[in-house]
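The data block below is entry_19.csv; it holds CSV, C-alpha atoms.
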chain,number,residue,atom,x,y,z
A,1,ASP,CA,76.5,138.2,86.0
A,2,GLY,CA,78.0,135.2,87.7
A,3,GLY,CA,81.7,134.6,87.2
A,4,ILE,CA,85.2,134.7,88.5
A,5,THR,CA,87.2,137.9,88.8
A,6,GLN,CA,90.9,138.1,89.1
A,7,SER,CA,92.8,141.3,89.9
A,8,PRO,CA,94.9,142.9,88.9
A,9,LYS,CA,95.3,141.9,85.2
A,10,TYR,CA,99.0,142.9,85.2
A,11,LEU,CA,101.3,143.0,88.2
A,12,PHE,CA,104.9,143.9,88.6
A,13,ARG,CA,107.0,142.8,91.5
A,14,LYS,CA,110.5,143.8,92.6
A,15,GLU,CA,112.9,141.1,93.7
A,16,GLY,CA,112.4,140.1,97.3
A,17,GLN,CA,108.8,141.4,97.6
A,18,ASN,CA,105.7,139.4,98.4
A,19,VAL,CA,102.6,140.1,96.3
A,20,THR,CA,99.0,138.9,96.6
A,21,LEU,CA,96.8,138.0,93.7
A,22,SER,CA,93.0,138.3,94.2
A,23,CYS,CA,90.4,135.8,93.1
A,24,GLU,CA,86.7,136.3,93.8
A,25,GLN,CA,83.8,134.2,92.6
A,26,ASN,CA,80.0,134.6,92.8
A,27,LEU,CA,79.1,131.2,91.4
A,28,ASN,CA,78.5,129.7,94.9
A,29,HIS,CA,81.2,127.1,94.1
A,30,ASP,CA,82.9,125.2,97.0
A,31,ALA,CA,86.1,124.3,95.2
A,32,MET,CA,88.7,126.8,94.1
A,33,TYR,CA,92.0,126.4,92.4
A,34,TRP,CA,95.2,128.3,91.5
A,35,TYR,CA,97.2,127.4,88.4
A,36,ARG,CA,100.4,128.7,86.9
A,37,GLN,CA,101.0,128.8,83.1
A,38,ASP,CA,104.4,129.4,81.5
A,39,PRO,CA,104.8,130.1,77.8
A,40,GLY,CA,104.1,127.0,75.7
A,41,GLN,CA,103.2,125.1,78.8
A,42,GLY,CA,100.0,123.7,80.2
A,43,LEU,CA,98.5,124.7,83.5
A,44,ARG,CA,100.3,123.5,86.7
A,45,LEU,CA,98.4,123.3,89.9
A,46,ILE,CA,99.7,125.4,92.8
A,47,TYR,CA,97.0,125.1,95.5
A,48,TYR,CA,93.4,124.0,95.6
A,49,SER,CA,90.6,124.2,98.2
A,50,GLN,CA,87.5,122.1,98.5
A,51,ILE,CA,85.9,124.0,101.4
A,52,VAL,CA,86.3,127.1,103.5
A,53,ASN,CA,89.3,127.1,105.9
A,54,ASP,CA,90.9,124.1,104.1
A,55,PHE,CA,93.3,123.8,101.2
A,56,GLN,CA,95.8,121.4,99.8
A,57,LYS,CA,99.1,121.8,98.0
A,58,GLY,CA,99.2,121.1,94.3
A,59,ASP,CA,102.3,120.1,92.3
A,60,ILE,CA,104.2,123.3,92.6
A,61,ALA,CA,103.3,124.9,95.9
A,62,GLU,CA,106.8,125.9,97.0
A,63,GLY,CA,107.1,129.7,97.3
A,64,TYR,CA,103.3,130.3,97.4
A,65,SER,CA,100.7,130.6,100.1
A,66,VAL,CA,96.9,130.8,100.1
A,67,SER,CA,94.0,131.4,102.5
A,68,ARG,CA,90.3,130.5,102.2
A,69,GLU,CA,88.5,132.5,104.9
A,70,LYS,CA,85.4,133.0,102.7
A,71,LYS,CA,83.7,130.8,100.2
A,72,GLU,CA,83.9,133.5,97.6
A,73,SER,CA,87.6,134.4,97.9
A,74,PHE,CA,90.9,132.5,97.4
A,75,PRO,CA,93.8,134.9,97.4
A,76,LEU,CA,97.3,133.7,96.3
A,77,THR,CA,100.5,135.2,97.8
A,78,VAL,CA,103.7,134.8,95.8
A,79,THR,CA,106.4,135.0,98.3
A,80,SER,CA,110.1,136.0,97.9
A,81,ALA,CA,110.9,132.3,98.2
A,82,GLN,CA,109.5,131.7,94.8
A,83,LYS,CA,112.6,132.0,92.6
A,84,ASN,CA,111.0,132.3,89.2
A,85,PRO,CA,107.6,133.9,89.7
A,86,THR,CA,107.2,135.5,86.3
A,87,ALA,CA,104.2,133.7,84.8
A,88,PHE,CA,100.5,133.9,84.0
A,89,TYR,CA,98.4,132.9,87.0
A,90,LEU,CA,94.9,131.5,86.6
A,91,CYS,CA,92.2,131.0,89.2
A,92,ALA,CA,89.3,128.7,88.8
A,93,SER,CA,86.3,127.4,90.7
A,94,SER,CA,83.9,124.4,90.5
A,95,ILE,CA,81.2,122.5,92.2
A,96,ALA,CA,82.8,120.2,94.8
A,97,GLY,CA,82.1,116.5,95.4
A,98,ALA,CA,81.0,113.6,93.2
A,99,GLY,CA,78.4,113.8,90.5
A,100,SER,CA,78.0,115.8,87.3
A,101,ASN,CA,78.9,119.4,86.3
A,102,THR,CA,82.2,119.4,88.2
A,103,GLU,CA,84.0,121.3,85.5
A,104,ALA,CA,86.1,124.3,86.5
A,105,PHE,CA,85.4,127.8,85.3
A,106,PHE,CA,88.3,130.2,85.0
A,107,GLY,CA,89.0,133.9,85.5
A,108,GLN,CA,90.9,136.0,82.9
A,109,GLY,CA,94.2,135.6,84.7
A,110,THR,CA,96.9,137.8,86.2
A,111,ARG,CA,100.2,138.3,84.4
A,112,LEU,CA,103.0,138.7,87.0
A,113,THR,CA,106.4,140.1,86.0
A,114,VAL,CA,109.4,140.4,88.2
A,115,VAL,CA,111.4,143.6,87.5
B,116,GLU,CA,100.8,109.4,89.6
B,117,ASP,CA,97.9,110.8,87.5
B,118,GLN,CA,99.1,112.0,84.1
B,119,VAL,CA,97.6,113.7,81.1
B,120,THR,CA,99.4,113.8,77.7
B,121,GLN,CA,98.2,115.7,74.7
B,122,SER,CA,99.3,115.3,71.1
B,123,PRO,CA,100.3,116.8,68.8
B,124,GLU,CA,101.9,119.8,70.5
B,125,ALA,CA,101.0,122.0,67.5
B,126,LEU,CA,98.9,121.5,64.4
B,127,ARG,CA,98.4,123.6,61.3
B,128,LEU,CA,95.5,122.9,59.0
B,129,GLN,CA,94.0,124.5,56.0
B,130,GLU,CA,90.5,125.9,56.4
B,131,GLY,CA,88.0,123.1,55.9
B,132,GLU,CA,90.6,120.4,56.6
B,133,SER,CA,89.2,118.1,59.4
B,134,SER,CA,91.4,116.5,62.0
B,135,SER,CA,91.6,115.2,65.6
B,136,LEU,CA,93.4,116.1,68.7
B,137,ASN,CA,94.4,113.4,71.2
B,138,CYS,CA,94.4,113.4,75.0
B,139,SER,CA,95.6,110.2,76.7
B,140,TYR,CA,95.4,109.8,80.5
B,141,THR,CA,96.6,107.6,83.3
B,142,VAL,CA,94.5,108.1,86.4
B,143,SER,CA,92.9,106.2,89.2
B,144,GLY,CA,89.2,106.5,89.3
B,145,LEU,CA,88.3,109.0,86.5
B,146,ARG,CA,85.5,111.3,87.6
B,147,GLY,CA,85.5,113.5,84.6
B,148,LEU,CA,87.5,114.6,81.5
B,149,PHE,CA,87.3,118.2,80.4
B,150,TRP,CA,88.1,120.0,77.2
B,151,TYR,CA,88.9,123.8,77.1
B,152,ARG,CA,89.8,126.3,74.5
B,153,GLN,CA,92.3,129.0,75.4
B,154,ASP,CA,93.0,132.2,73.4
B,155,PRO,CA,96.3,134.1,73.9
B,156,GLY,CA,96.4,136.1,77.1
B,157,LYS,CA,92.9,134.8,78.2
B,158,GLY,CA,91.6,132.3,80.7
B,159,PRO,CA,90.5,128.8,79.4
B,160,GLU,CA,87.0,128.6,78.1
B,161,PHE,CA,85.0,125.5,79.0
B,162,LEU,CA,83.9,123.3,76.1
B,163,PHE,CA,82.9,119.8,77.2
B,164,THR,CA,82.8,117.3,80.0
B,165,LEU,CA,82.9,113.5,79.4
B,166,TYR,CA,82.2,111.1,82.2
B,167,SER,CA,82.3,107.5,80.9
B,168,ALA,CA,83.8,105.5,78.0
B,169,GLY,CA,81.6,105.7,74.9
B,170,GLU,CA,80.3,109.2,75.7
B,171,GLU,CA,80.3,111.8,73.0
B,172,LYS,CA,79.5,115.6,73.1
B,173,GLU,CA,79.2,118.0,70.2
B,174,LYS,CA,79.3,121.8,69.8
B,175,GLU,CA,79.3,123.4,66.4
B,176,ARG,CA,82.4,122.0,64.5
B,177,LEU,CA,83.7,120.2,67.6
B,178,LYS,CA,83.0,116.7,68.8
B,179,ALA,CA,84.6,115.1,71.9
B,180,THR,CA,84.8,111.4,72.5
B,181,LEU,CA,86.0,109.3,75.3
B,182,THR,CA,87.5,105.8,75.7
B,183,LYS,CA,89.0,104.1,78.8
B,184,LYS,CA,92.4,105.5,78.0
B,185,GLU,CA,92.0,108.5,75.8
B,186,SER,CA,89.8,111.3,74.5
B,187,PHE,CA,89.7,112.8,71.0
B,188,LEU,CA,88.6,116.3,70.0
B,189,HIS,CA,87.4,116.1,66.4
B,190,ILE,CA,87.2,119.3,64.5
B,191,THR,CA,85.2,119.2,61.3
B,192,ALA,CA,85.7,121.7,58.5
B,193,PRO,CA,87.5,124.2,60.7
B,194,LYS,CA,87.6,127.9,60.2
B,195,PRO,CA,90.4,130.4,61.1
B,196,GLU,CA,88.4,131.5,64.2
B,197,ASP,CA,88.9,128.0,65.6
B,198,SER,CA,92.6,128.8,66.0
B,199,ALA,CA,93.5,128.5,69.7
B,200,THR,CA,95.2,126.2,72.2
B,201,TYR,CA,93.0,123.3,73.2
B,202,LEU,CA,93.5,121.9,76.7
B,203,CYS,CA,92.5,118.6,78.2
B,204,ALA,CA,92.1,118.0,81.9
B,205,VAL,CA,91.0,115.2,84.2
B,206,GLN,CA,89.5,115.0,87.6
B,207,ALA,CA,90.2,111.8,89.4
B,208,GLY,CA,90.3,110.2,92.9
B,209,ARG,CA,88.4,111.3,95.9
B,210,ASP,CA,89.4,115.0,96.0
B,211,ASP,CA,88.6,117.8,93.5
B,212,LYS,CA,92.0,118.1,92.0
B,213,ILE,CA,92.0,118.8,88.3
B,214,ILE,CA,95.1,118.1,86.3
B,215,PHE,CA,95.8,119.6,82.8
B,216,GLY,CA,97.8,118.4,79.8
B,217,LYS,CA,100.1,120.8,78.0
B,218,GLY,CA,97.7,121.6,75.3
B,219,THR,CA,97.6,121.5,71.5
B,220,ARG,CA,98.2,124.8,69.6
B,221,LEU,CA,95.8,124.7,66.6
B,222,HIS,CA,96.3,127.1,63.7
B,223,ILE,CA,93.8,127.2,60.9
B,224,LEU,CA,95.1,128.8,57.7
B,225,PRO,CA,92.6,130.7,55.5

Could you spell out this file's structure in structure tokens?
Amino acid sequence: DGGITQSPKYLFRKEGQNVTLSCEQNLNHDAMYWYRQDPGQGLRLIYYSQIVNDFQKGDIAEGYSVSREKKESFPLTVTSAQKNPTAFYLCASSIAGAGSNTEAFFGQGTRLTVV
Amino acid sequence: EDQVTQSPEALRLQEGESSSLNCSYTVSGLRGLFWYRQDPGKGPEFLFTLYSAGEEKEKERLKATLTKKESFLHITAPKPEDSATYLCAVQAGRDDKIIFGKGTRLHILP
């Protein structure tokens, strides 16, 4: 089945630690995205990538880093510089470029908690 | 700056009571407007894409419409299982950036 897989579903981080969230897709999509969702809030864009080996900062990139070495994979690292990392993290992918059918499809999310 | 605003923030309806959710947007060069449904603790589920003013899409009890400044998600005779948060998003400009509104929490009472 085609889709987007995020892992783990739940993640606990100690203060000062870096953690990496996994996102893999087998939809052959060029574009991939990371969003953060806080309670009662919409989705805020962290980073996005339109093509392998290239990515752009979203609205809240500080304290996060990404890589895009393979088309299928877009891991997100939450660094110790992120002061309030507890949140629900969502990864998505879409067809890149102009035209139709550019909607994004989402994984089931990773809930990160700082302990 | 591109912006997406959804209203109301929350809406409680009786089963069978029809209503509409609003999504207003300020963007340069709209490429697409998307509606999603999100259940608690889950990722958003894609519902509709609208590309140009005047376009309409329907799926079961939901109908999405688009004007040059806003979109409406009409829900007709809703059922309790329609309870969810409904998110609106836009894709604009030359890159593939997709920006979301804060959503409308819809609760349908039996």

Q.
Which residues are near A:Phe106? Cut-off 10 Å, all atoms listed in the file, ignore same chain within fewer than 6 positions. Put them as a ChimeraX atom specification.
A. /A:3-6,25,32-35,90-94 /B:157-161

Using only C-alpha atoms, what does the table of chain A residues within 12 Å of chain B look like, with each row giving the shortest atom pair and its distance in Å to one decimal, sorted by chain and ascending number, as a Markdown table?
| residue | atom | partner | partner_atom | distance |
| --- | --- | --- | --- | --- |
| A:Ile4 | CA | B:Gly158 | CA | 10.4 |
| A:Thr5 | CA | B:Gly158 | CA | 10.8 |
| A:Gln6 | CA | B:Gly158 | CA | 10.2 |
| A:Lys9 | CA | B:Gly156 | CA | 10.0 |
| A:Tyr10 | CA | B:Gly156 | CA | 10.9 |
| A:His29 | CA | B:Asp211 | CA | 11.9 |
| A:Asp30 | CA | B:Asp211 | CA | 10.0 |
| A:Ala31 | CA | B:Asp211 | CA | 7.2 |
| A:Met32 | CA | B:Asp211 | CA | 9.0 |
| A:Tyr33 | CA | B:Lys212 | CA | 8.3 |
| A:Trp34 | CA | B:Ile213 | CA | 10.5 |
| A:Tyr35 | CA | B:Phe215 | CA | 9.7 |
| A:Arg36 | CA | B:Phe215 | CA | 11.0 |
| A:Gln37 | CA | B:Lys217 | CA | 9.5 |
| A:Asp38 | CA | B:Lys217 | CA | 10.2 |
| A:Pro39 | CA | B:Pro155 | CA | 10.2 |
| A:Gly40 | CA | B:Lys217 | CA | 7.7 |
| A:Gln41 | CA | B:Lys217 | CA | 5.4 |
| A:Gly42 | CA | B:Lys217 | CA | 3.6 |
| A:Leu43 | CA | B:Phe215 | CA | 5.8 |
| A:Arg44 | CA | B:Phe215 | CA | 7.1 |
| A:Leu45 | CA | B:Ile214 | CA | 7.1 |
| A:Ile46 | CA | B:Lys212 | CA | 10.6 |
| A:Tyr47 | CA | B:Lys212 | CA | 9.3 |
| A:Tyr48 | CA | B:Lys212 | CA | 7.1 |
| A:Ser49 | CA | B:Asp211 | CA | 8.2 |
| A:Gln50 | CA | B:Asp211 | CA | 6.7 |
| A:Ile51 | CA | B:Asp211 | CA | 10.4 |
| A:Phe55 | CA | B:Asp211 | CA | 10.8 |
| A:Gln56 | CA | B:Lys212 | CA | 9.3 |
| A:Lys57 | CA | B:Lys212 | CA | 10.0 |
| A:Gly58 | CA | B:Lys212 | CA | 8.1 |
| A:Asp59 | CA | B:Ile214 | CA | 9.6 |
| A:Ala87 | CA | B:Gly156 | CA | 11.2 |
| A:Phe88 | CA | B:Gly156 | CA | 8.3 |
| A:Tyr89 | CA | B:Gly158 | CA | 9.3 |
| A:Leu90 | CA | B:Gly158 | CA | 6.8 |
| A:Cys91 | CA | B:Gly158 | CA | 8.6 |
| A:Ala92 | CA | B:Gly158 | CA | 9.2 |
| A:Ser93 | CA | B:Asp211 | CA | 10.3 |
| A:Ser94 | CA | B:Asp211 | CA | 8.6 |
| A:Ile95 | CA | B:Asp211 | CA | 8.9 |
| A:Ala96 | CA | B:Asp211 | CA | 6.4 |
| A:Gly97 | CA | B:Asp211 | CA | 6.9 |
| A:Ala98 | CA | B:Arg146 | CA | 7.5 |
| A:Gly99 | CA | B:Arg146 | CA | 8.1 |
| A:Ser100 | CA | B:Tyr166 | CA | 8.1 |
| A:Asn101 | CA | B:Thr164 | CA | 7.7 |
| A:Thr102 | CA | B:Gly147 | CA | 7.7 |
| A:Glu103 | CA | B:Phe149 | CA | 6.8 |
| A:Ala104 | CA | B:Phe161 | CA | 7.7 |
| A:Phe105 | CA | B:Phe161 | CA | 6.7 |
| A:Phe106 | CA | B:Gly158 | CA | 5.8 |
| A:Gly107 | CA | B:Gly158 | CA | 5.7 |
| A:Gln108 | CA | B:Gly158 | CA | 4.4 |
| A:Gly109 | CA | B:Gly158 | CA | 5.8 |
| A:Thr110 | CA | B:Gly156 | CA | 9.3 |
| A:Arg111 | CA | B:Gly156 | CA | 8.5 |

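Taking atom CA of B:Thr141 and atom CA of A:Glu62 as the two end points, the separation is 25.0 Å.
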
Q: Tell me, as a count of residues only, which residues lie within 9 Å of B:Ile190, counting all atoms listed in the file; anything in the same chain fewer than 2 positions away does not count.
A: 13

Q: Please measure the separation of atom CA of B:Leu224 and atom CA of B:Thr180, giving the value in Å to one decimal.
A: 25.1 Å

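Shortest separation to B:Gln153 among B:His222, B:Ser122, B:Thr182, B:Ser198 occurs at residue B:Ser198, atoms counted being all atoms listed in the file.
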
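What separates atom CA of A:Gln17 from atom CA of A:Glu69 is a distance of 23.3 Å.
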